[in-house]
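Peer 1: Pasting in a structure now, in structure tokens, and then I'll have a few things to ask.
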Amino acid sequence: MDQTDSYPVKLYIYDMSKGMARQLSPLLLGRQLDGIWHTAIVVHEKEFFFVGEGINNCPPGGTPLGEPDSIVDLGSTEVSMEIFMAYLISLAESTYRSGTYNLFEHNCNTFSNEVAQFLTGNPIPLYITDLPSEVLSTPFGQALRPLLDSFVINPGGNNITGQQ
């Protein structure tokens with residue numbers, strides 16, 4: 001009988017607002033937001049995420065953001081580290097290359113969702129992927145969009161293609 005290795009896949013979730021979104025969103029947006037989410041996929045004992053200069057990685061919890069606010073178990077994968085790195089490099093050279101980051105439409109959460117589905121067949125939670133459209137559906141979100149479009153979240157780490 002053939003033994004196939006299985007590797008746990010986790011979603012690390014960070015609130016970039018450090019609780020301020022929960023406090024200020026009702027006043028500013030007229031609706032409650034629980035956080036401004038940055039996510040990363042943890043698999044093969046590394047944390048992988050998308051930032052302005054591309055796909056980065058570090059030891060789990062090893063960014064300046066520290067420990068995640070929550071961790072979601074996405075299941076497991078049989079994708080080996082070698083196949084996963086080839087997949088990430090292809091993403092880093094196409095869809096998730098340096099300079100393609102957009103806070104609302106092409107961000108760390110878009111990346112985490114795509115990678116989670118590749119590894120496990122499961123998406124990340126909707127409250128994370130729906131956040132940009134929720135913010136943009138408010139008058140304040142629309143007014144801030146030109147400013148926010150220029151934001152790039154970069155918690156550090158090492159670029160997987162070696163480029164900075």
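Simple scheme: letters A, B, ... for chains in structure tokens order, numbers from 1 for residues in each chain, numbers from 1 for ligands in the order shown.
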Would you mind listing what lies within 12 Å of region 64-71 of chain A as a list in words, with only C-alpha atoms counted and same-chain residues fewer than 6 positions away left out?
Peer 2: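 Returned residues: Val9, Lys10, Leu11, Tyr12, Ile13, Tyr14, Asp15, Met16, Ser17, Lys18, Gly19, Asp34, Gly35, Ile36, Trp37, His38, Thr39, Ala40, Ile41, Val42, Glu47, Cys58, Ile124, Pro125, Ile153, Asn154, Pro155, Gly156 and Gly157 of chain A.
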Peer 1: For N, CA, C and O atoms, I'd like the residues from the last selection saved as a short mmCIF file (atom, residue, chain, number, x, y, z; two decimals), in the first residue's frame.
Peer 2:
```
data_model
loop_
_atom_site.label_atom_id
_atom_site.label_comp_id
_atom_site.auth_asym_id
_atom_site.auth_seq_id
_atom_site.Cartn_x
_atom_site.Cartn_y
_atom_site.Cartn_z
N VAL A 9 -2.66 22.59 6.97
CA VAL A 9 -2.73 23.92 6.35
C VAL A 9 -3.52 24.82 7.29
O VAL A 9 -4.65 24.51 7.65
N LYS A 10 -2.92 25.94 7.68
CA LYS A 10 -3.55 26.88 8.60
C LYS A 10 -3.65 28.26 7.94
O LYS A 10 -2.82 28.61 7.10
N LEU A 11 -4.66 29.00 8.34
CA LEU A 11 -4.81 30.40 7.94
C LEU A 11 -4.51 31.25 9.16
O LEU A 11 -5.19 31.14 10.18
N TYR A 12 -3.46 32.08 9.07
CA TYR A 12 -3.14 33.02 10.14
C TYR A 12 -3.85 34.33 9.81
O TYR A 12 -3.73 34.84 8.69
N ILE A 13 -4.57 34.85 10.79
CA ILE A 13 -5.37 36.06 10.60
C ILE A 13 -4.89 37.13 11.58
O ILE A 13 -4.83 36.89 12.79
N TYR A 14 -4.55 38.30 11.02
CA TYR A 14 -4.08 39.44 11.81
C TYR A 14 -5.03 40.61 11.62
O TYR A 14 -5.45 40.89 10.49
N ASP A 15 -5.36 41.31 12.69
CA ASP A 15 -6.14 42.54 12.59
C ASP A 15 -5.16 43.70 12.49
O ASP A 15 -4.53 44.08 13.48
N MET A 16 -5.05 44.27 11.29
CA MET A 16 -4.11 45.36 11.05
C MET A 16 -4.49 46.62 11.83
O MET A 16 -3.66 47.48 12.07
N SER A 17 -5.75 46.72 12.25
CA SER A 17 -6.20 47.90 12.99
C SER A 17 -5.98 47.76 14.50
O SER A 17 -6.23 48.71 15.23
N LYS A 18 -5.55 46.60 14.95
CA LYS A 18 -5.33 46.34 16.37
C LYS A 18 -6.55 46.70 17.22
O LYS A 18 -6.44 47.29 18.28
N GLY A 19 -7.74 46.37 16.72
CA GLY A 19 -8.97 46.60 17.46
C GLY A 19 -9.67 47.92 17.15
O GLY A 19 -10.82 48.13 17.54
N ASP A 34 -15.22 43.92 12.34
CA ASP A 34 -14.48 43.35 13.46
C ASP A 34 -12.97 43.53 13.33
O ASP A 34 -12.25 43.37 14.31
N GLY A 35 -12.49 43.85 12.12
CA GLY A 35 -11.06 44.05 11.93
C GLY A 35 -10.76 44.40 10.49
O GLY A 35 -11.62 44.33 9.62
N ILE A 36 -9.52 44.80 10.26
CA ILE A 36 -8.97 44.99 8.92
C ILE A 36 -7.96 43.85 8.76
O ILE A 36 -6.90 43.85 9.40
N TRP A 37 -8.32 42.87 7.96
CA TRP A 37 -7.61 41.59 7.99
C TRP A 37 -6.42 41.49 7.04
O TRP A 37 -6.51 41.82 5.87
N HIS A 38 -5.32 41.00 7.59
CA HIS A 38 -4.17 40.51 6.81
C HIS A 38 -4.13 39.02 7.08
O HIS A 38 -4.24 38.59 8.23
N THR A 39 -4.01 38.22 6.02
CA THR A 39 -3.94 36.77 6.19
C THR A 39 -2.70 36.18 5.54
O THR A 39 -2.10 36.78 4.64
N ALA A 40 -2.36 35.01 6.02
CA ALA A 40 -1.23 34.25 5.47
C ALA A 40 -1.57 32.77 5.58
O ALA A 40 -2.35 32.35 6.44
N ILE A 41 -1.00 31.99 4.69
CA ILE A 41 -1.15 30.53 4.71
C ILE A 41 0.09 29.94 5.37
O ILE A 41 1.22 30.27 4.99
N VAL A 42 -0.13 29.06 6.33
CA VAL A 42 0.97 28.35 6.98
C VAL A 42 0.89 26.89 6.58
O VAL A 42 -0.11 26.20 6.83
N GLU A 47 5.21 30.45 6.87
CA GLU A 47 4.08 31.35 6.67
C GLU A 47 4.28 32.06 5.33
O GLU A 47 5.32 32.69 5.11
N CYS A 58 8.12 33.51 5.89
CA CYS A 58 8.89 33.63 7.12
C CYS A 58 8.50 32.46 8.01
O CYS A 58 7.56 31.72 7.69
N ILE A 124 -11.02 30.52 2.13
CA ILE A 124 -10.89 31.12 3.46
C ILE A 124 -12.26 31.71 3.83
O ILE A 124 -13.13 31.85 2.96
N PRO A 125 -12.48 32.06 5.11
CA PRO A 125 -13.81 32.56 5.52
C PRO A 125 -14.27 33.80 4.75
O PRO A 125 -13.48 34.69 4.44
N ILE A 153 0.16 46.83 2.28
CA ILE A 153 0.50 46.25 3.58
C ILE A 153 1.72 45.38 3.39
O ILE A 153 1.75 44.51 2.53
N ASN A 154 2.76 45.62 4.20
CA ASN A 154 3.99 44.84 4.09
C ASN A 154 4.51 44.48 5.46
O ASN A 154 5.20 45.27 6.09
N PRO A 155 4.19 43.28 5.93
CA PRO A 155 4.67 42.87 7.25
C PRO A 155 6.07 42.25 7.25
O PRO A 155 6.47 41.67 8.24
N GLY A 156 6.82 42.38 6.17
CA GLY A 156 8.18 41.84 6.15
C GLY A 156 8.24 40.45 5.56
O GLY A 156 7.37 40.04 4.81
N GLY A 157 9.30 39.72 5.90
CA GLY A 157 9.49 38.37 5.38
C GLY A 157 10.46 38.36 4.23
O GLY A 157 11.00 39.39 3.83
#
```
Peer 1: Just the residues within 10 Å of Leu91 (chain A), please, counting only C-alpha atoms, with nothing from its chain fewer than 6 positions along; format it as a list of chain:residue names.
Peer 2: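 The contact residues come out as A:Gly54, A:Ile55, A:Met85, A:Arg97, A:Phe111, A:Val115.
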Peer 1: How about saving the chosen residues, N, CA, C and O atoms kept, as a PDB file, in the first residue's frame?
Peer 2:
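Once written, out-v3.pdb looks like this:
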```pdb
ATOM      1  N   GLY A  54       5.591  41.209  -3.841  1.00  0.00           N
ATOM      2  CA  GLY A  54       5.343  39.840  -4.284  1.00  0.00           C
ATOM      3  C   GLY A  54       5.021  38.903  -3.138  1.00  0.00           C
ATOM      4  O   GLY A  54       4.520  39.324  -2.094  1.00  0.00           O
ATOM      5  N   ILE A  55       5.324  37.631  -3.342  1.00  0.00           N
ATOM      6  CA  ILE A  55       5.021  36.598  -2.353  1.00  0.00           C
ATOM      7  C   ILE A  55       6.213  36.455  -1.417  1.00  0.00           C
ATOM      8  O   ILE A  55       7.338  36.254  -1.864  1.00  0.00           O
ATOM      9  N   MET A  85       6.290  24.978  -3.877  1.00  0.00           N
ATOM     10  CA  MET A  85       7.204  26.078  -4.230  1.00  0.00           C
ATOM     11  C   MET A  85       7.165  26.353  -5.736  1.00  0.00           C
ATOM     12  O   MET A  85       7.202  27.510  -6.149  1.00  0.00           O
ATOM     13  N   ARG A  97       2.952  38.964  -8.929  1.00  0.00           N
ATOM     14  CA  ARG A  97       4.302  39.519  -9.045  1.00  0.00           C
ATOM     15  C   ARG A  97       4.359  40.892  -8.366  1.00  0.00           C
ATOM     16  O   ARG A  97       3.342  41.494  -8.040  1.00  0.00           O
ATOM     17  N   PHE A 111      -4.770  36.300  -2.254  1.00  0.00           N
ATOM     18  CA  PHE A 111      -3.707  35.293  -2.352  1.00  0.00           C
ATOM     19  C   PHE A 111      -3.998  34.102  -1.427  1.00  0.00           C
ATOM     20  O   PHE A 111      -3.967  32.943  -1.864  1.00  0.00           O
ATOM     21  N   VAL A 115      -4.532  30.227  -2.668  1.00  0.00           N
ATOM     22  CA  VAL A 115      -3.600  29.184  -2.223  1.00  0.00           C
ATOM     23  C   VAL A 115      -4.326  28.134  -1.375  1.00  0.00           C
ATOM     24  O   VAL A 115      -4.078  26.935  -1.517  1.00  0.00           O
TER      25      VAL A 115
END
```
Peer 1: Rank nothing, just name the residue among A:Ile83, A:Ala116, A:Ile128, A:Leu144 nearest to Phe49 (chain A), using only C-alpha atoms.
Peer 2: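 Comparing A:Ile83, A:Ala116, A:Ile128, A:Leu144 against Phe49 (chain A), the winner is A:Ala116.
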Peer 1: Can you list, as a PyMOL selection string, all residues belonging to region 6-73 of chain A that DSSP tags as alpha helix (DSSP H)?
Peer 2: chain A and resi 20-29
Peer 1: Write a file of the just-selected residues containing N, CA, C and O atoms, as a PDB file, in the first residue's frame.
Peer 2:
```pdb
ATOM      1  N   MET A  20      -8.997  48.812  16.444  1.00  0.00           N
ATOM      2  CA  MET A  20      -9.604  50.118  16.145  1.00  0.00           C
ATOM      3  C   MET A  20     -10.781  50.007  15.187  1.00  0.00           C
ATOM      4  O   MET A  20     -11.725  50.785  15.272  1.00  0.00           O
ATOM      5  N   ALA A  21     -10.733  49.067  14.252  1.00  0.00           N
ATOM      6  CA  ALA A  21     -11.847  48.897  13.306  1.00  0.00           C
ATOM      7  C   ALA A  21     -13.137  48.595  14.063  1.00  0.00           C
ATOM      8  O   ALA A  21     -14.191  49.147  13.746  1.00  0.00           O
ATOM      9  N   ARG A  22     -13.035  47.747  15.067  1.00  0.00           N
ATOM     10  CA  ARG A  22     -14.214  47.377  15.856  1.00  0.00           C
ATOM     11  C   ARG A  22     -14.799  48.609  16.551  1.00  0.00           C
ATOM     12  O   ARG A  22     -16.009  48.790  16.616  1.00  0.00           O
ATOM     13  N   GLN A  23     -13.913  49.482  17.047  1.00  0.00           N
ATOM     14  CA  GLN A  23     -14.364  50.669  17.779  1.00  0.00           C
ATOM     15  C   GLN A  23     -14.859  51.778  16.859  1.00  0.00           C
ATOM     16  O   GLN A  23     -15.859  52.430  17.150  1.00  0.00           O
ATOM     17  N   LEU A  24     -14.160  52.014  15.755  1.00  0.00           N
ATOM     18  CA  LEU A  24     -14.448  53.185  14.924  1.00  0.00           C
ATOM     19  C   LEU A  24     -15.359  52.937  13.730  1.00  0.00           C
ATOM     20  O   LEU A  24     -15.944  53.868  13.207  1.00  0.00           O
ATOM     21  N   SER A  25     -15.482  51.690  13.289  1.00  0.00           N
ATOM     22  CA  SER A  25     -16.267  51.425  12.079  1.00  0.00           C
ATOM     23  C   SER A  25     -17.725  51.846  12.185  1.00  0.00           C
ATOM     24  O   SER A  25     -18.259  52.394  11.211  1.00  0.00           O
ATOM     25  N   PRO A  26     -18.418  51.652  13.321  1.00  0.00           N
ATOM     26  CA  PRO A  26     -19.813  52.109  13.356  1.00  0.00           C
ATOM     27  C   PRO A  26     -19.933  53.627  13.124  1.00  0.00           C
ATOM     28  O   PRO A  26     -20.825  54.079  12.413  1.00  0.00           O
ATOM     29  N   LEU A  27     -19.007  54.378  13.678  1.00  0.00           N
ATOM     30  CA  LEU A  27     -19.017  55.827  13.525  1.00  0.00           C
ATOM     31  C   LEU A  27     -18.657  56.243  12.097  1.00  0.00           C
ATOM     32  O   LEU A  27     -19.330  57.072  11.491  1.00  0.00           O
ATOM     33  N   LEU A  28     -17.590  55.638  11.542  1.00  0.00           N
ATOM     34  CA  LEU A  28     -17.087  56.051  10.226  1.00  0.00           C
ATOM     35  C   LEU A  28     -17.862  55.444   9.060  1.00  0.00           C
ATOM     36  O   LEU A  28     -18.084  56.099   8.046  1.00  0.00           O
ATOM     37  N   LEU A  29     -18.245  54.170   9.188  1.00  0.00           N
ATOM     38  CA  LEU A  29     -18.863  53.459   8.073  1.00  0.00           C
ATOM     39  C   LEU A  29     -20.355  53.228   8.244  1.00  0.00           C
ATOM     40  O   LEU A  29     -21.037  52.847   7.301  1.00  0.00           O
TER      41      LEU A  29
END
```
Peer 1: Of the candidates A:Leu33, A:Leu88, A:Leu131, A:Leu147, which shows the shortest atom-to-atom distance to Phe118 (chain A), using only C-alpha atoms?
Peer 2: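 Among the listed residues, the smallest separation from Phe118 (chain A) belongs to A:Leu88.
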Peer 1: What separation in Å, quoted to one decimal, exists between CA of Pro132 (chain A) and CA of Asn56 (chain A)?
Peer 2: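 Between these atoms lies a distance of 22.1 Å.
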Peer 1: When you count only C-alpha atoms, which of these residues is closest to Asn159 (chain A): A:Leu74, A:Gly61, A:Tyr96, A:Val135?
Peer 2: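 Residue with the minimum atom-to-atom distance to Asn159 (chain A): A:Tyr96.
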Peer 1: Counting only C-alpha atoms, which residue out of A:Gly141, A:Gly75, A:Gly62, A:Gly99 sits closest to Ser6 (chain A)?
Peer 2: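 Closest residue, counting only C-alpha atoms: A:Gly75.
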Peer 1: For Phe48 (chain A), which of A:Ser98, A:Ser76, A:Pro146, A:Thr63 is the closest residue, counting only C-alpha atoms?
Peer 2: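 Using only C-alpha atoms, the shortest distance to Phe48 (chain A) belongs to A:Thr63.
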Peer 1: Please determine, counting only C-alpha atoms, which residue among A:Asn107, A:Asn102, A:Asn122, A:Thr77 has the shortest atom-to-atom distance to Arg145 (chain A).
Peer 2: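 Smallest separation from Arg145 (chain A) among the options: A:Asn102.
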Peer 1: Give me every strand (DSSP E) residue in chain A, going by DSSP on the backbone, as a compact mmCIF listing (two decimals) with all heavy atoms, in the first residue's frame.
Peer 2:
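The result, written out as part_9.txt:
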```txt
# COMPACT_ATOMS: atom_id res chain seq x y z
N TYR A 7 -0.01 17.19 5.06
CA TYR A 7 0.54 18.33 5.77
C TYR A 7 -0.58 19.26 6.21
O TYR A 7 -1.46 19.59 5.40
CB TYR A 7 1.51 19.10 4.85
CG TYR A 7 2.53 18.21 4.19
CD1 TYR A 7 2.33 17.74 2.89
CD2 TYR A 7 3.69 17.84 4.86
CE1 TYR A 7 3.27 16.90 2.28
CE2 TYR A 7 4.64 17.01 4.25
CZ TYR A 7 4.42 16.55 2.96
OH TYR A 7 5.33 15.75 2.37
N PRO A 8 -0.57 19.71 7.47
CA PRO A 8 -1.61 20.63 7.93
C PRO A 8 -1.50 21.98 7.22
O PRO A 8 -0.41 22.44 6.90
CB PRO A 8 -1.35 20.76 9.42
CG PRO A 8 0.06 20.34 9.63
CD PRO A 8 0.40 19.40 8.51
N VAL A 9 -2.66 22.59 6.97
CA VAL A 9 -2.73 23.92 6.35
C VAL A 9 -3.52 24.82 7.29
O VAL A 9 -4.65 24.51 7.65
CB VAL A 9 -3.41 23.87 4.97
CG1 VAL A 9 -3.47 25.25 4.34
CG2 VAL A 9 -2.69 22.89 4.04
N LYS A 10 -2.92 25.94 7.68
CA LYS A 10 -3.55 26.88 8.60
C LYS A 10 -3.65 28.26 7.94
O LYS A 10 -2.82 28.61 7.10
CB LYS A 10 -2.73 27.04 9.88
CG LYS A 10 -2.36 25.74 10.56
CD LYS A 10 -3.43 25.27 11.48
CE LYS A 10 -2.95 24.06 12.27
NZ LYS A 10 -4.02 23.21 12.67
N LEU A 11 -4.66 29.00 8.34
CA LEU A 11 -4.81 30.40 7.94
C LEU A 11 -4.51 31.25 9.16
O LEU A 11 -5.19 31.14 10.18
CB LEU A 11 -6.24 30.68 7.44
CG LEU A 11 -6.50 32.11 7.00
CD1 LEU A 11 -5.78 32.42 5.69
CD2 LEU A 11 -8.00 32.35 6.85
N TYR A 12 -3.46 32.08 9.07
CA TYR A 12 -3.14 33.02 10.14
C TYR A 12 -3.85 34.33 9.81
O TYR A 12 -3.73 34.84 8.69
CB TYR A 12 -1.63 33.25 10.22
CG TYR A 12 -0.88 32.21 11.04
CD1 TYR A 12 -1.30 30.89 11.11
CD2 TYR A 12 0.27 32.56 11.73
CE1 TYR A 12 -0.61 29.95 11.85
CE2 TYR A 12 0.97 31.63 12.48
CZ TYR A 12 0.53 30.32 12.54
OH TYR A 12 1.23 29.39 13.27
N ILE A 13 -4.57 34.85 10.79
CA ILE A 13 -5.37 36.06 10.60
C ILE A 13 -4.89 37.13 11.58
O ILE A 13 -4.83 36.89 12.79
CB ILE A 13 -6.87 35.78 10.83
CG1 ILE A 13 -7.35 34.64 9.92
CG2 ILE A 13 -7.69 37.05 10.61
CD1 ILE A 13 -8.74 34.12 10.25
N TYR A 14 -4.55 38.30 11.02
CA TYR A 14 -4.08 39.44 11.81
C TYR A 14 -5.03 40.61 11.62
O TYR A 14 -5.45 40.89 10.49
CB TYR A 14 -2.69 39.88 11.33
CG TYR A 14 -1.64 38.80 11.38
CD1 TYR A 14 -1.44 37.94 10.31
CD2 TYR A 14 -0.82 38.66 12.49
CE1 TYR A 14 -0.45 36.96 10.34
CE2 TYR A 14 0.18 37.68 12.53
CZ TYR A 14 0.35 36.84 11.46
OH TYR A 14 1.33 35.88 11.49
N ASP A 15 -5.36 41.31 12.69
CA ASP A 15 -6.14 42.54 12.59
C ASP A 15 -5.16 43.70 12.49
O ASP A 15 -4.53 44.08 13.48
CB ASP A 15 -7.06 42.72 13.80
CG ASP A 15 -7.85 44.02 13.77
OD1 ASP A 15 -7.83 44.73 12.73
OD2 ASP A 15 -8.48 44.34 14.80
N TRP A 37 -8.32 42.87 7.96
CA TRP A 37 -7.61 41.59 7.99
C TRP A 37 -6.42 41.49 7.04
O TRP A 37 -6.51 41.82 5.87
CB TRP A 37 -8.58 40.45 7.67
CG TRP A 37 -9.82 40.51 8.50
CD1 TRP A 37 -11.10 40.67 8.05
CD2 TRP A 37 -9.93 40.43 9.92
NE1 TRP A 37 -11.98 40.70 9.10
CE2 TRP A 37 -11.29 40.56 10.27
CE3 TRP A 37 -9.00 40.27 10.95
CZ2 TRP A 37 -11.74 40.52 11.57
CZ3 TRP A 37 -9.45 40.23 12.26
CH2 TRP A 37 -10.81 40.35 12.56
N HIS A 38 -5.32 41.00 7.59
CA HIS A 38 -4.17 40.51 6.81
C HIS A 38 -4.13 39.02 7.08
O HIS A 38 -4.24 38.59 8.23
CB HIS A 38 -2.86 41.16 7.26
CG HIS A 38 -1.65 40.44 6.73
ND1 HIS A 38 -1.25 40.55 5.41
CD2 HIS A 38 -0.78 39.58 7.32
CE1 HIS A 38 -0.17 39.80 5.23
NE2 HIS A 38 0.13 39.20 6.36
N THR A 39 -4.01 38.22 6.02
CA THR A 39 -3.94 36.77 6.19
C THR A 39 -2.70 36.18 5.54
O THR A 39 -2.10 36.78 4.64
CB THR A 39 -5.19 36.06 5.59
OG1 THR A 39 -5.26 36.36 4.20
CG2 THR A 39 -6.46 36.49 6.31
N ALA A 40 -2.36 35.01 6.02
CA ALA A 40 -1.23 34.25 5.47
C ALA A 40 -1.57 32.77 5.58
O ALA A 40 -2.35 32.35 6.44
CB ALA A 40 0.03 34.55 6.26
N ILE A 41 -1.00 31.99 4.69
CA ILE A 41 -1.15 30.53 4.71
C ILE A 41 0.09 29.94 5.37
O ILE A 41 1.22 30.27 4.99
CB ILE A 41 -1.30 29.96 3.28
CG1 ILE A 41 -2.57 30.46 2.61
CG2 ILE A 41 -1.23 28.43 3.29
CD1 ILE A 41 -3.87 29.93 3.19
N VAL A 42 -0.13 29.06 6.33
CA VAL A 42 0.97 28.35 6.98
C VAL A 42 0.89 26.89 6.58
O VAL A 42 -0.11 26.20 6.83
CB VAL A 42 0.94 28.53 8.51
CG1 VAL A 42 2.02 27.67 9.17
CG2 VAL A 42 1.13 29.99 8.88
N VAL A 43 1.95 26.45 5.90
CA VAL A 43 2.07 25.06 5.45
C VAL A 43 3.56 24.75 5.35
O VAL A 43 4.37 25.66 5.11
CB VAL A 43 1.33 24.83 4.11
CG1 VAL A 43 1.97 25.61 2.97
CG2 VAL A 43 1.23 23.35 3.76
N LYS A 46 6.13 27.00 7.25
CA LYS A 46 6.43 28.37 6.85
C LYS A 46 5.13 29.14 6.68
O LYS A 46 4.09 28.57 6.35
CB LYS A 46 7.22 28.43 5.54
CG LYS A 46 8.65 27.99 5.68
CD LYS A 46 9.43 28.32 4.43
CE LYS A 46 10.89 27.95 4.64
NZ LYS A 46 11.73 28.41 3.55
N GLU A 47 5.21 30.45 6.87
CA GLU A 47 4.08 31.35 6.67
C GLU A 47 4.28 32.06 5.33
O GLU A 47 5.32 32.69 5.11
CB GLU A 47 4.03 32.36 7.82
CG GLU A 47 2.89 33.33 7.75
CD GLU A 47 2.76 34.20 8.99
OE1 GLU A 47 3.35 33.87 10.05
OE2 GLU A 47 2.08 35.24 8.90
N PHE A 48 3.29 31.96 4.42
CA PHE A 48 3.37 32.54 3.08
C PHE A 48 2.30 33.61 2.93
O PHE A 48 1.14 33.39 3.30
CB PHE A 48 3.15 31.46 2.01
CG PHE A 48 4.21 30.39 2.01
CD1 PHE A 48 4.06 29.24 2.77
CD2 PHE A 48 5.37 30.54 1.26
CE1 PHE A 48 5.02 28.25 2.79
CE2 PHE A 48 6.35 29.55 1.26
CZ PHE A 48 6.18 28.41 2.03
N PHE A 49 2.67 34.77 2.35
CA PHE A 49 1.73 35.88 2.19
C PHE A 49 2.14 36.75 1.02
O PHE A 49 3.28 36.70 0.55
CB PHE A 49 1.63 36.70 3.48
CG PHE A 49 2.97 37.10 4.05
CD1 PHE A 49 3.54 38.32 3.74
CD2 PHE A 49 3.65 36.24 4.91
CE1 PHE A 49 4.78 38.69 4.25
CE2 PHE A 49 4.90 36.60 5.43
CZ PHE A 49 5.46 37.82 5.10
N PHE A 50 1.20 37.56 0.55
CA PHE A 50 1.40 38.44 -0.60
C PHE A 50 1.46 39.88 -0.13
O PHE A 50 0.59 40.33 0.63
CB PHE A 50 0.26 38.24 -1.60
CG PHE A 50 0.29 39.16 -2.78
CD1 PHE A 50 1.38 39.19 -3.64
CD2 PHE A 50 -0.78 39.99 -3.06
CE1 PHE A 50 1.41 40.03 -4.75
CE2 PHE A 50 -0.78 40.83 -4.16
CZ PHE A 50 0.32 40.84 -5.01
N VAL A 51 2.49 40.60 -0.58
CA VAL A 51 2.68 42.02 -0.26
C VAL A 51 3.06 42.76 -1.54
O VAL A 51 3.11 42.17 -2.62
CB VAL A 51 3.76 42.20 0.83
CG1 VAL A 51 3.31 41.61 2.15
CG2 VAL A 51 5.08 41.59 0.42
N GLY A 54 5.59 41.21 -3.84
CA GLY A 54 5.34 39.84 -4.28
C GLY A 54 5.02 38.90 -3.14
O GLY A 54 4.52 39.32 -2.09
N ILE A 55 5.32 37.63 -3.34
CA ILE A 55 5.02 36.60 -2.35
C ILE A 55 6.21 36.45 -1.42
O ILE A 55 7.34 36.25 -1.86
CB ILE A 55 4.71 35.26 -3.05
CG1 ILE A 55 3.52 35.41 -3.98
CG2 ILE A 55 4.45 34.18 -2.00
CD1 ILE A 55 3.28 34.22 -4.90
N ASN A 56 5.94 36.57 -0.12
CA ASN A 56 6.98 36.45 0.89
C ASN A 56 6.70 35.27 1.80
O ASN A 56 5.60 34.75 1.83
CB ASN A 56 7.05 37.72 1.74
CG ASN A 56 7.72 38.87 1.03
OD1 ASN A 56 8.01 38.81 -0.16
ND2 ASN A 56 7.96 39.94 1.75
N ASN A 57 7.74 34.88 2.56
CA ASN A 57 7.56 33.85 3.58
C ASN A 57 8.46 34.13 4.77
O ASN A 57 9.43 34.88 4.67
CB ASN A 57 7.80 32.46 3.00
CG ASN A 57 9.26 32.19 2.75
OD1 ASN A 57 9.99 31.84 3.68
ND2 ASN A 57 9.70 32.33 1.52
N CYS A 58 8.12 33.51 5.89
CA CYS A 58 8.89 33.63 7.12
C CYS A 58 8.50 32.46 8.01
O CYS A 58 7.56 31.72 7.69
CB CYS A 58 8.60 34.96 7.81
SG CYS A 58 6.91 35.13 8.40
N SER A 70 -5.97 35.23 15.24
CA SER A 70 -6.64 33.94 15.25
C SER A 70 -6.02 33.04 14.19
O SER A 70 -5.35 33.51 13.26
CB SER A 70 -8.15 34.08 15.03
OG SER A 70 -8.43 34.66 13.80
N ILE A 71 -6.25 31.74 14.36
CA ILE A 71 -5.74 30.73 13.43
C ILE A 71 -6.91 29.83 13.05
O ILE A 71 -7.62 29.35 13.93
CB ILE A 71 -4.61 29.89 14.07
CG1 ILE A 71 -3.42 30.79 14.43
CG2 ILE A 71 -4.18 28.76 13.13
CD1 ILE A 71 -2.33 30.08 15.22
N VAL A 72 -7.11 29.65 11.75
CA VAL A 72 -8.17 28.77 11.25
C VAL A 72 -7.52 27.55 10.62
O VAL A 72 -6.62 27.68 9.78
CB VAL A 72 -9.06 29.50 10.22
CG1 VAL A 72 -10.07 28.55 9.60
CG2 VAL A 72 -9.76 30.70 10.85
N ASP A 73 -7.97 26.38 11.03
CA ASP A 73 -7.49 25.13 10.45
C ASP A 73 -8.24 24.91 9.14
O ASP A 73 -9.45 24.76 9.13
CB ASP A 73 -7.76 23.98 11.43
CG ASP A 73 -7.20 22.66 10.94
OD1 ASP A 73 -6.75 22.58 9.78
OD2 ASP A 73 -7.24 21.70 11.72
N LEU A 74 -7.52 24.94 8.02
CA LEU A 74 -8.14 24.77 6.70
C LEU A 74 -8.16 23.32 6.24
O LEU A 74 -8.68 23.01 5.18
CB LEU A 74 -7.41 25.63 5.67
CG LEU A 74 -7.48 27.14 5.88
CD1 LEU A 74 -6.60 27.86 4.87
CD2 LEU A 74 -8.92 27.63 5.80
N GLY A 75 -7.57 22.44 7.03
CA GLY A 75 -7.52 21.04 6.65
C GLY A 75 -6.08 20.62 6.40
O GLY A 75 -5.16 21.13 7.01
N SER A 76 -5.90 19.71 5.46
CA SER A 76 -4.55 19.24 5.15
C SER A 76 -4.41 19.09 3.64
O SER A 76 -5.38 19.11 2.89
CB SER A 76 -4.26 17.92 5.86
OG SER A 76 -5.16 16.94 5.41
N THR A 77 -3.14 18.96 3.24
CA THR A 77 -2.84 18.81 1.82
C THR A 77 -1.83 17.69 1.63
O THR A 77 -1.07 17.37 2.54
CB THR A 77 -2.28 20.13 1.24
OG1 THR A 77 -2.14 20.00 -0.18
CG2 THR A 77 -0.91 20.49 1.83
N ASN A 158 10.69 37.18 3.69
CA ASN A 158 11.61 37.00 2.57
C ASN A 158 10.85 36.72 1.31
O ASN A 158 10.00 35.85 1.27
CB ASN A 158 12.55 35.81 2.85
CG ASN A 158 13.35 36.01 4.11
OD1 ASN A 158 13.99 37.04 4.27
ND2 ASN A 158 13.29 35.05 5.02
N ASN A 159 11.18 37.44 0.25
CA ASN A 159 10.52 37.24 -1.04
C ASN A 159 10.92 35.88 -1.59
O ASN A 159 12.09 35.52 -1.59
CB ASN A 159 10.93 38.37 -1.99
CG ASN A 159 10.11 38.38 -3.25
OD1 ASN A 159 10.37 37.60 -4.15
ND2 ASN A 159 9.13 39.26 -3.31
```
